[in-house]
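One structure below.
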Amino acid sequence: MPELEKAFVCLPRMENAQGAGIRSQQVSMEGYLWGVGMNTEPLELEMAVRLLREHVKRMTETEEVVLEKADRRVLAEDICAERDQPPFPRSPLDGYALRSEDIRGADREHPVELRVLTEVDAGHCAELEVTPGTAVRIMTGAPIPEGADAVLRQEDSDYGEDTVLVYHSLRPWQNYCFQGEDYKAGSCLMKAGLQLHAVEIGILSGLGRKTVRVYRKPRLLLMSTGDELAEPGTPLRKGQIYDSNLHMLCAQCRIWDVDIAGRKLVQDHAEEAAEYLRENVGQADLILTTGGVSVGKKDIMHEVYRLLGVERIFWKVRIKPGMPTLAGMYEGREIISLSGNPYGAAANMNLLVKPVLEKMTGRRELGTEYREAVLENGYPKKSPTRRFVRAFYADGKVRIAQGSNDSGILSNMAGCNCMVEFPSGSQEAEAGDQVRVCML
Ligand SMILES: Nc1nc2c(c(=O)[nH]1)N[C@H]1C(S)=C(S)[C@@H](COP(=O)(O)OP(=O)(O)OC[C@H]3O[C@@H](n4cnc5c(N)ncnc54)[C@H](O)[C@@H]3O)O[C@H]1N2
Ligand code: MOO
């Protein structure tokens with residue numbers, strides 16, 4: 001079989017816009033497919049992201065949640081009003097509800113006197129009707145009684161209790177909030193697909209809703225691999241280090257508000273790792289692993305993919321860190337295997353995984369955000385391969401973290417909020433250079 005055809009065989013089928021099955025990008029990505037077949041050519045980052053997004057679907061399952069737990073969730077129902085808001089005409093002022101024609105021409109020199117029938121406060125109703133020559137003392141938010149067509153602010157009166165002197169005239173319907181002026185019964189206020197933030201939850205609460213139907217969060221199955229890794233809190237044997245990645249990925253899931261279906265640190269043992277994924281894939285929408293993706297004898301993930309029958313999407317992305325990232329489809333779920341180096345895992349969680357979650361959830365804040373910035377300090381290395389360097393961005397300026405940007409180094413990334421991108425072939429960078437940064 002020619003190499004190119006072999007490459008097709010290992011690629012999963014994808015649906016095009018019309019729903020017909022096609023091999024992923026087989027025309028435009030011939031070179032890429034060839035590369036995959038040969039197991040050598042890294043993919044450009046944009047193509048890797050595109051393929052990863054094309055292989056996942058937007059979440060369709062929904063669930064009912066209480067408003068207290070609805071923030072940042074995505075609406076799965078259209079929200080329509082069952083009643084007018086406000087449900088009655090109401091006063092926007094503290095003052096007097098009256099008939100505008102009774103006070104025509106009134107001013108300080110020519111006040112009009114009205115008889116005050118009663119007082120109505122917010123939350124109460126006046127059963128009386130405002131008739132010619134009368135007014136009702138009214139507070140902001142209270143229902144405007146029948147007969148009145150305007151509200152006088154109390155500063156334009158003598159604050160009278162039984163009778164009131166009016167020092168100002170009003171047009172009909174002045175200072176009058178109409179019933180349904182916010183929305184009418186039956187009107188559609190929010191469409192399914194909208195993300196709920198504080199204001200949207202305020203609207204739901206204003207409708208009297210206690211719960212709302214939202215799309216289910218994606219559940220991620222997380223696995224870190226490595227014989228050298230010890231669980232934090234357990235004794236460290238010679239040759240071991242503590243596992244940074246599993247907790248880092250879990251924290252990132254919580255910060256991005258996606259669920260964790262399961263998590264495990266496994267040894268460099270392909271059968272064991274495959275078994276964990278096999279047993280738990282049913283609970284997951286997306287699988288993330290770290291470590292074991294390079295070319296060493298203990299880089300087990302290739303064997304894990306073979307044991308599970310994972311259909312590979314790609315291996316290797318042309319960036320640093322995280323060049324050997326591996327990805328595939330297993331039981332209809334995407335599996336993304338990040339490099340074990342903690343900075344590689346952290347960077348690619350943002351560069352590769354976040355856009356996948358954006359597609360799955362429809363949450364725009366998970367989209368990758370790039371900004372232009374001016375470098376405050378230099379970077380002493382050339383970048384033959386496109387490189388992402390940890391840094392801190394503020395007000396259009398960016399400062400690269402002191403120390404190494406090697407993918408095995410995590411500590412100096414503390415406090416960083418972005419990565420500076422150096423395109424492939426970049427020379428050393430200097431303070432004052434204009435750069436592009438990827439926000440974390
Ligand atoms: N001969 C070659 N060797 C390597 C190549 C190569 O092209 N040829 N690529 C290098 C690059 S680039 C990377 S990146 C790494 C990727 O390695 P793996 O993803 O297979 O990861 P491991 O070998 O399992 O670990 C790498 C490194 O990171 C440490 N690690 C792993 N997991 C964790 C964790 N959960 N917490 C903390 N630290 C972790 C591990 O101890 C290693 O030091 O391969 C290069 N090699
Ligand atoms: O591609 Mo690996 O993460 O350098 O260094």
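Residue names in the structure tokens use chain letters A, B, ... in the order shown, residue numbers from 1 in each chain, and ligand numbers from 1 in the order shown.
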query = Got a sec to check which residues lie within 6 Å of ligand 1, using only C-alpha atoms and all ligand atoms, and send them as a ChimeraX atom specification?
reply = /A:224,226,243-246,291-295,299,322-324,339-342,408
Based on DSSP run over this structure's backbone, return all residues of range 36-220 of chain A in helix (DSSP H, G or I), as an mmCIF file with N, CA and C atoms, in the first residue's frame.
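So part_7.cif came out as:
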```cif
data_model
loop_
_atom_site.group_PDB
_atom_site.id
_atom_site.type_symbol
_atom_site.label_atom_id
_atom_site.label_comp_id
_atom_site.auth_asym_id
_atom_site.auth_seq_id
_atom_site.Cartn_x
_atom_site.Cartn_y
_atom_site.Cartn_z
ATOM 1 N N VAL A 36 2.010 12.101 8.824
ATOM 2 C CA VAL A 36 1.466 11.233 9.862
ATOM 3 C C VAL A 36 1.793 9.778 9.542
ATOM 4 N N GLY A 37 1.639 9.448 8.256
ATOM 5 C CA GLY A 37 1.943 8.086 7.850
ATOM 6 C C GLY A 37 3.390 7.732 8.155
ATOM 7 N N MET A 38 4.254 8.705 7.990
ATOM 8 C CA MET A 38 5.682 8.479 8.224
ATOM 9 C C MET A 38 6.057 8.670 9.692
ATOM 10 N N LEU A 45 0.759 24.473 14.583
ATOM 11 C CA LEU A 45 -0.157 24.602 15.724
ATOM 12 C C LEU A 45 -1.607 24.818 15.257
ATOM 13 N N GLU A 46 -1.788 25.726 14.293
ATOM 14 C CA GLU A 46 -3.152 26.055 13.854
ATOM 15 C C GLU A 46 -3.848 24.828 13.284
ATOM 16 N N MET A 47 -3.090 24.001 12.549
ATOM 17 C CA MET A 47 -3.695 22.799 11.972
ATOM 18 C C MET A 47 -4.026 21.795 13.073
ATOM 19 N N ALA A 48 -3.150 21.698 14.065
ATOM 20 C CA ALA A 48 -3.416 20.779 15.183
ATOM 21 C C ALA A 48 -4.694 21.210 15.905
ATOM 22 N N VAL A 49 -4.825 22.509 16.146
ATOM 23 C CA VAL A 49 -6.012 23.017 16.840
ATOM 24 C C VAL A 49 -7.253 22.743 16.000
ATOM 25 N N ARG A 50 -7.117 22.998 14.699
ATOM 26 C CA ARG A 50 -8.267 22.805 13.811
ATOM 27 C C ARG A 50 -8.718 21.342 13.818
ATOM 28 N N LEU A 51 -7.763 20.434 13.730
ATOM 29 C CA LEU A 51 -8.116 19.009 13.729
ATOM 30 C C LEU A 51 -8.744 18.596 15.056
ATOM 31 N N LEU A 52 -8.159 19.075 16.141
ATOM 32 C CA LEU A 52 -8.709 18.705 17.461
ATOM 33 C C LEU A 52 -10.141 19.213 17.595
ATOM 34 N N ARG A 53 -10.386 20.437 17.113
ATOM 35 C CA ARG A 53 -11.749 20.994 17.217
ATOM 36 C C ARG A 53 -12.710 20.271 16.284
ATOM 37 N N GLU A 54 -12.215 19.870 15.125
ATOM 38 C CA GLU A 54 -13.096 19.182 14.181
ATOM 39 C C GLU A 54 -13.534 17.812 14.687
ATOM 40 N N LEU A 67 -30.251 28.354 40.273
ATOM 41 C CA LEU A 67 -29.592 29.590 39.825
ATOM 42 C C LEU A 67 -28.247 29.794 40.511
ATOM 43 N N GLU A 68 -28.146 29.361 41.769
ATOM 44 C CA GLU A 68 -26.883 29.525 42.509
ATOM 45 C C GLU A 68 -25.724 28.812 41.817
ATOM 46 N N LYS A 69 -26.046 27.837 40.987
ATOM 47 C CA LYS A 69 -24.982 27.063 40.318
ATOM 48 C C LYS A 69 -24.994 27.297 38.814
ATOM 49 N N SER A 100 -52.391 64.760 35.554
ATOM 50 C CA SER A 100 -51.603 65.885 35.037
ATOM 51 C C SER A 100 -52.499 67.080 34.717
ATOM 52 N N GLU A 101 -53.744 66.792 34.291
ATOM 53 C CA GLU A 101 -54.588 67.936 33.906
ATOM 54 C C GLU A 101 -54.972 68.773 35.119
ATOM 55 N N ASP A 102 -54.952 68.190 36.339
ATOM 56 C CA ASP A 102 -55.283 68.946 37.553
ATOM 57 C C ASP A 102 -54.233 70.000 37.899
ATOM 58 N N ILE A 103 -52.999 69.802 37.420
ATOM 59 C CA ILE A 103 -51.919 70.711 37.864
ATOM 60 C C ILE A 103 -51.345 71.498 36.688
ATOM 61 N N GLN A 154 -41.442 64.617 45.108
ATOM 62 C CA GLN A 154 -41.855 65.351 46.307
ATOM 63 C C GLN A 154 -41.117 66.677 46.470
ATOM 64 N N GLU A 155 -39.932 66.818 45.883
ATOM 65 C CA GLU A 155 -39.182 68.078 45.967
ATOM 66 C C GLU A 155 -39.953 69.227 45.307
ATOM 67 N N ASP A 156 -40.920 68.909 44.432
ATOM 68 C CA ASP A 156 -41.731 69.932 43.763
ATOM 69 C C ASP A 156 -43.073 70.126 44.469
ATOM 70 N N ALA A 198 -23.718 37.203 35.509
ATOM 71 C CA ALA A 198 -24.525 37.746 36.609
ATOM 72 C C ALA A 198 -25.831 38.370 36.110
ATOM 73 N N VAL A 199 -25.753 39.158 35.052
ATOM 74 C CA VAL A 199 -26.954 39.861 34.579
ATOM 75 C C VAL A 199 -28.015 38.871 34.093
ATOM 76 N N GLU A 200 -27.592 37.863 33.337
ATOM 77 C CA GLU A 200 -28.548 36.872 32.815
ATOM 78 C C GLU A 200 -29.215 36.137 33.983
ATOM 79 N N ILE A 201 -28.453 35.904 35.041
ATOM 80 C CA ILE A 201 -29.036 35.238 36.204
ATOM 81 C C ILE A 201 -29.992 36.192 36.915
ATOM 82 N N GLY A 202 -29.677 37.475 36.902
ATOM 83 C CA GLY A 202 -30.607 38.475 37.432
ATOM 84 C C GLY A 202 -31.923 38.461 36.656
ATOM 85 N N ILE A 203 -31.845 38.306 35.339
ATOM 86 C CA ILE A 203 -33.061 38.270 34.515
ATOM 87 C C ILE A 203 -33.887 37.025 34.865
ATOM 88 N N LEU A 204 -33.200 35.889 34.997
ATOM 89 C CA LEU A 204 -33.911 34.644 35.350
ATOM 90 C C LEU A 204 -34.587 34.786 36.708
ATOM 91 N N SER A 205 -33.863 35.361 37.643
ATOM 92 C CA SER A 205 -34.399 35.552 38.978
ATOM 93 C C SER A 205 -35.602 36.488 38.923
ATOM 94 N N GLY A 206 -35.512 37.527 38.084
ATOM 95 C CA GLY A 206 -36.619 38.473 37.908
ATOM 96 C C GLY A 206 -37.861 37.802 37.330
#
```
task = With a distance cut-off of 12 Å and only C-alpha atoms, select the neighbouring residues of range 268-283 of chain A, excluding the residue or stretch itself and same-chain residues fewer than 3 positions from it, and output the selection as a PyMOL selection string.
result = chain A and resi 218-229+259-265+286-293+296-310+329-335+340
N, CA and C atoms of the current selection, written as a CSV table (one decimal), in the first residue's frame:
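As written to disk, result_31.csv reads:
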```csv
chain,number,residue,atom,x,y,z
A,218,PRO,N,-18.6,19.4,30.0
A,218,PRO,CA,-17.8,18.2,29.6
A,218,PRO,C,-17.0,17.6,30.8
A,219,ARG,N,-16.9,16.3,30.8
A,219,ARG,CA,-16.2,15.6,31.9
A,219,ARG,C,-14.8,15.1,31.3
A,220,LEU,N,-13.8,15.5,32.0
A,220,LEU,CA,-12.4,15.1,31.6
A,220,LEU,C,-11.9,14.0,32.4
A,221,LEU,N,-11.3,13.0,31.7
A,221,LEU,CA,-10.6,11.9,32.4
A,221,LEU,C,-9.1,12.3,32.3
A,222,LEU,N,-8.4,12.4,33.4
A,222,LEU,CA,-7.0,12.8,33.5
A,222,LEU,C,-6.1,11.7,33.9
A,223,MET,N,-5.0,11.6,33.3
A,223,MET,CA,-4.0,10.6,33.7
A,223,MET,C,-2.6,11.1,33.5
A,224,SER,N,-1.8,11.0,34.5
A,224,SER,CA,-0.4,11.4,34.3
A,224,SER,C,0.4,10.0,34.4
A,225,THR,N,1.5,10.0,33.7
A,225,THR,CA,2.2,8.7,33.6
A,225,THR,C,3.7,9.0,34.0
A,226,GLY,N,4.3,8.0,34.6
A,226,GLY,CA,5.7,8.1,34.9
A,226,GLY,C,6.1,7.3,36.1
A,227,ASP,N,7.1,6.3,35.9
A,227,ASP,CA,7.6,5.6,37.0
A,227,ASP,C,8.3,6.5,38.1
A,228,GLU,N,8.8,7.6,37.6
A,228,GLU,CA,9.5,8.5,38.5
A,228,GLU,C,8.6,9.3,39.4
A,229,LEU,N,7.3,9.2,39.2
A,229,LEU,CA,6.4,10.2,39.8
A,229,LEU,C,5.8,9.6,41.1
A,259,ASP,N,-15.9,19.5,34.3
A,259,ASP,CA,-15.8,18.4,35.4
A,259,ASP,C,-14.7,17.4,35.2
A,260,ILE,N,-14.3,16.8,36.3
A,260,ILE,CA,-13.3,15.8,36.2
A,260,ILE,C,-14.0,14.4,36.4
A,261,ALA,N,-13.9,13.6,35.4
A,261,ALA,CA,-14.5,12.3,35.4
A,261,ALA,C,-13.7,11.3,36.2
A,262,GLY,N,-12.4,11.5,36.3
A,262,GLY,CA,-11.5,10.6,37.0
A,262,GLY,C,-10.1,11.1,36.8
A,263,ARG,N,-9.2,10.7,37.7
A,263,ARG,CA,-7.8,11.1,37.6
A,263,ARG,C,-7.0,10.1,38.2
A,264,LYS,N,-5.8,9.9,37.6
A,264,LYS,CA,-4.9,8.8,38.2
A,264,LYS,C,-3.5,9.1,37.7
A,265,LEU,N,-2.6,8.8,38.6
A,265,LEU,CA,-1.2,8.7,38.3
A,265,LEU,C,-0.9,7.3,38.0
A,286,LEU,N,-13.8,13.8,27.2
A,286,LEU,CA,-12.5,14.1,26.7
A,286,LEU,C,-11.4,13.5,27.6
A,287,ILE,N,-10.3,13.0,27.0
A,287,ILE,CA,-9.3,12.3,27.8
A,287,ILE,C,-8.0,13.1,27.7
A,288,LEU,N,-7.4,13.4,28.8
A,288,LEU,CA,-6.1,14.1,28.8
A,288,LEU,C,-5.1,13.2,29.5
A,289,THR,N,-3.9,13.1,28.9
A,289,THR,CA,-2.8,12.4,29.6
A,289,THR,C,-1.6,13.2,29.5
A,290,THR,N,-0.6,13.0,30.4
A,290,THR,CA,0.6,13.6,30.3
A,290,THR,C,1.8,12.6,30.4
A,291,GLY,N,2.8,12.9,29.6
A,291,GLY,CA,4.0,12.0,29.7
A,291,GLY,C,4.0,10.9,28.7
A,292,GLY,N,5.2,10.3,28.4
A,292,GLY,CA,5.2,9.1,27.6
A,292,GLY,C,4.9,9.3,26.2
A,293,VAL,N,5.1,10.5,25.6
A,293,VAL,CA,4.7,10.6,24.2
A,293,VAL,C,5.9,10.8,23.3
A,296,GLY,N,11.3,7.6,23.8
A,296,GLY,CA,12.1,6.8,24.7
A,296,GLY,C,11.5,5.4,24.8
A,297,LYS,N,12.3,4.5,25.4
A,297,LYS,CA,11.8,3.1,25.6
A,297,LYS,C,10.6,3.1,26.5
A,298,LYS,N,10.5,4.1,27.4
A,298,LYS,CA,9.4,4.1,28.4
A,298,LYS,C,8.3,5.1,28.0
A,299,ASP,N,8.3,5.5,26.8
A,299,ASP,CA,7.3,6.4,26.3
A,299,ASP,C,6.1,5.6,25.8
A,300,ILE,N,5.3,5.3,26.8
A,300,ILE,CA,4.3,4.2,26.7
A,300,ILE,C,3.0,4.6,25.9
A,301,MET,N,2.8,5.9,25.7
A,301,MET,CA,1.5,6.2,25.1
A,301,MET,C,1.2,5.7,23.7
A,302,HIS,N,2.3,5.5,23.0
A,302,HIS,CA,2.1,5.0,21.6
A,302,HIS,C,1.6,3.5,21.7
A,303,GLU,N,2.1,2.8,22.7
A,303,GLU,CA,1.7,1.4,22.9
A,303,GLU,C,0.3,1.4,23.5
A,304,VAL,N,0.0,2.4,24.4
A,304,VAL,CA,-1.4,2.5,25.0
A,304,VAL,C,-2.4,2.7,23.8
A,305,TYR,N,-2.0,3.6,22.9
A,305,TYR,CA,-2.9,3.9,21.8
A,305,TYR,C,-3.2,2.6,21.0
A,306,ARG,N,-2.1,1.8,20.8
A,306,ARG,CA,-2.2,0.6,20.0
A,306,ARG,C,-3.1,-0.4,20.7
A,307,LEU,N,-2.8,-0.6,22.0
A,307,LEU,CA,-3.6,-1.5,22.8
A,307,LEU,C,-5.1,-1.2,22.8
A,308,LEU,N,-5.4,0.1,22.8
A,308,LEU,CA,-6.8,0.5,22.9
A,308,LEU,C,-7.5,0.6,21.5
A,309,GLY,N,-6.6,0.6,20.5
A,309,GLY,CA,-7.2,0.8,19.1
A,309,GLY,C,-7.5,2.3,18.9
A,310,VAL,N,-6.8,3.2,19.5
A,310,VAL,CA,-7.0,4.6,19.3
A,310,VAL,C,-6.7,5.0,17.9
A,329,MET,N,-8.5,9.4,18.6
A,329,MET,CA,-10.0,9.2,19.0
A,329,MET,C,-10.1,7.8,19.6
A,330,TYR,N,-10.7,7.7,20.7
A,330,TYR,CA,-10.9,6.5,21.4
A,330,TYR,C,-12.4,6.4,21.8
A,331,GLU,N,-13.1,5.3,21.3
A,331,GLU,CA,-14.5,5.1,21.7
A,331,GLU,C,-15.3,6.4,21.5
A,332,GLY,N,-15.0,7.1,20.4
A,332,GLY,CA,-15.8,8.3,20.1
A,332,GLY,C,-15.4,9.6,20.9
A,333,ARG,N,-14.4,9.4,21.8
A,333,ARG,CA,-13.9,10.5,22.6
A,333,ARG,C,-12.5,10.9,22.1
A,334,GLU,N,-12.2,12.2,22.2
A,334,GLU,CA,-10.9,12.6,21.8
A,334,GLU,C,-9.9,12.4,23.0
A,335,ILE,N,-8.7,12.0,22.7
A,335,ILE,CA,-7.7,11.8,23.7
A,335,ILE,C,-6.5,12.7,23.3
A,340,GLY,N,5.1,15.2,29.1
A,340,GLY,CA,5.2,15.2,30.5
A,340,GLY,C,5.9,16.3,31.2
```
inquiry  = Could you go through range 136-227 of chain A and tell me which residues DSSP, when run on the backbone, assigns to strand (DSSP E or B), listing them as an MDAnalysis selection string?
reply    = chainID A and resid 136:138 143 150:153 157 163:166 177 183 188:190 195 211:215 219:225
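Considering only C-alpha atoms, the residue among A:Pro321, A:Pro92, A:Gly233, A:Pro132 positioned nearest to Asp406 in chain A is A:Pro321.
Comparing the minimum interatomic distances between Tyr176 in chain A and each of A:Asp433, A:Glu127, A:Asp94, A:Asp257, counting only C-alpha atoms, we find that A:Asp94 sits nearest.
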ask   = Within 12 Å of Leu189 in chain A, counting only C-alpha atoms, which residues qualify if same-chain residues fewer than 5 places away don't, as a ChimeraX atom specification?
value = /A:75,77-85,182-184,194,200-201,203-204,206-207
Write the residues of the preceding selection, restricted to C-alpha atoms, as a PDB file, in the first residue's frame.
```pdb
ATOM      1  CA  LEU A  75     -28.477  28.067  28.373  1.00  0.00           C
ATOM      2  CA  GLU A  77     -33.659  26.517  26.685  1.00  0.00           C
ATOM      3  CA  ASP A  78     -35.186  29.688  25.275  1.00  0.00           C
ATOM      4  CA  ILE A  79     -36.291  31.911  28.112  1.00  0.00           C
ATOM      5  CA  CYS A  80     -39.699  33.498  27.603  1.00  0.00           C
ATOM      6  CA  ALA A  81     -41.604  35.785  29.933  1.00  0.00           C
ATOM      7  CA  GLU A  82     -44.775  34.437  31.520  1.00  0.00           C
ATOM      8  CA  ARG A  83     -45.905  37.834  32.735  1.00  0.00           C
ATOM      9  CA  ASP A  84     -45.309  41.521  32.107  1.00  0.00           C
ATOM     10  CA  GLN A  85     -42.394  43.181  33.843  1.00  0.00           C
ATOM     11  CA  ASP A 182     -39.155  45.996  30.630  1.00  0.00           C
ATOM     12  CA  TYR A 183     -40.787  43.052  28.806  1.00  0.00           C
ATOM     13  CA  LYS A 184     -44.227  41.789  27.858  1.00  0.00           C
ATOM     14  CA  LEU A 194     -26.296  32.175  25.579  1.00  0.00           C
ATOM     15  CA  GLU A 200     -28.548  36.872  32.815  1.00  0.00           C
ATOM     16  CA  ILE A 201     -29.036  35.238  36.204  1.00  0.00           C
ATOM     17  CA  ILE A 203     -33.061  38.270  34.515  1.00  0.00           C
ATOM     18  CA  LEU A 204     -33.911  34.644  35.350  1.00  0.00           C
ATOM     19  CA  GLY A 206     -36.619  38.473  37.908  1.00  0.00           C
ATOM     20  CA  LEU A 207     -38.776  35.939  36.077  1.00  0.00           C
TER      21      LEU A 207
END
```
inquiry  = Residues near Arg137 in chain A, anyone? I mean within 10 Å using only C-alpha atoms, not counting same-chain ones fewer than 5 positions away, as JSON, numbers by chain.
reply    = {"A": [94, 95, 96, 97, 98, 116, 117, 118, 119, 120, 121, 126, 144, 151, 152, 154, 159, 160, 161, 162, 163, 164]}
ask   = Near range 361-377 of chain A, counting only C-alpha atoms, which residues have an atom at most 6 Å away, once you skip same-chain residues fewer than 3 positions from it, shown as an MDAnalysis selection string?
value = chainID A and resid 354:355 357:358 396:399 431:439
key: Residue among A:Thr385, A:Ser407, A:Thr211, A:Ser426 lying closest to Ala347 in chain A, counting only C-alpha atoms   = A:Ser407
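Of the listed residues (A:Arg318, A:Arg213, A:Lys359, A:Lys381), A:Arg318 comes nearest to ligand 2; the distances count only C-alpha atoms and all ligand atoms.
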ask   = If we count only C-alpha atoms, what is near Ser91 in chain A at a cut-off of 7 Å, once residues fewer than 3 positions away on the same chain are taken out, given as a PyMOL selection string?
value = chain A and resi 139-144+151+175-177
Atoms to include: N, CA and C atoms. Write the selected residues as a tab-separated table (two decimals), in the first residue's frame.
```
chain	number	residue	atom	x	y	z
A	139	MET	N	-44.50	56.05	46.98
A	139	MET	CA	-43.06	55.83	47.10
A	139	MET	C	-42.54	55.08	45.86
A	140	THR	N	-41.26	55.23	45.60
A	140	THR	CA	-40.64	54.58	44.43
A	140	THR	C	-40.92	53.08	44.42
A	141	GLY	N	-41.35	52.58	43.30
A	141	GLY	CA	-41.60	51.13	43.16
A	141	GLY	C	-43.02	50.72	43.49
A	142	ALA	N	-43.81	51.66	44.05
A	142	ALA	CA	-45.20	51.32	44.41
A	142	ALA	C	-46.09	51.38	43.17
A	143	PRO	N	-47.17	50.56	43.12
A	143	PRO	CA	-48.08	50.61	41.98
A	143	PRO	C	-48.79	51.96	41.91
A	144	ILE	N	-48.85	52.53	40.70
A	144	ILE	CA	-49.55	53.81	40.53
A	144	ILE	C	-51.05	53.52	40.52
A	151	VAL	N	-46.52	61.22	38.05
A	151	VAL	CA	-46.06	61.25	39.44
A	151	VAL	C	-45.19	62.49	39.62
A	175	ASN	N	-43.05	60.70	34.41
A	175	ASN	CA	-42.65	59.95	35.62
A	175	ASN	C	-43.59	58.77	35.87
A	176	TYR	N	-43.92	58.09	34.82
A	176	TYR	CA	-44.88	56.98	34.89
A	176	TYR	C	-44.23	55.77	34.24
A	177	CYS	N	-43.96	54.72	34.99
A	177	CYS	CA	-43.39	53.49	34.42
A	177	CYS	C	-44.55	52.58	34.04
```
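Distance check against ligand 2 using only C-alpha atoms and all ligand atoms: of A:Tyr242, A:Phe314, A:Phe388, A:Tyr393, the minimum falls on A:Phe388.
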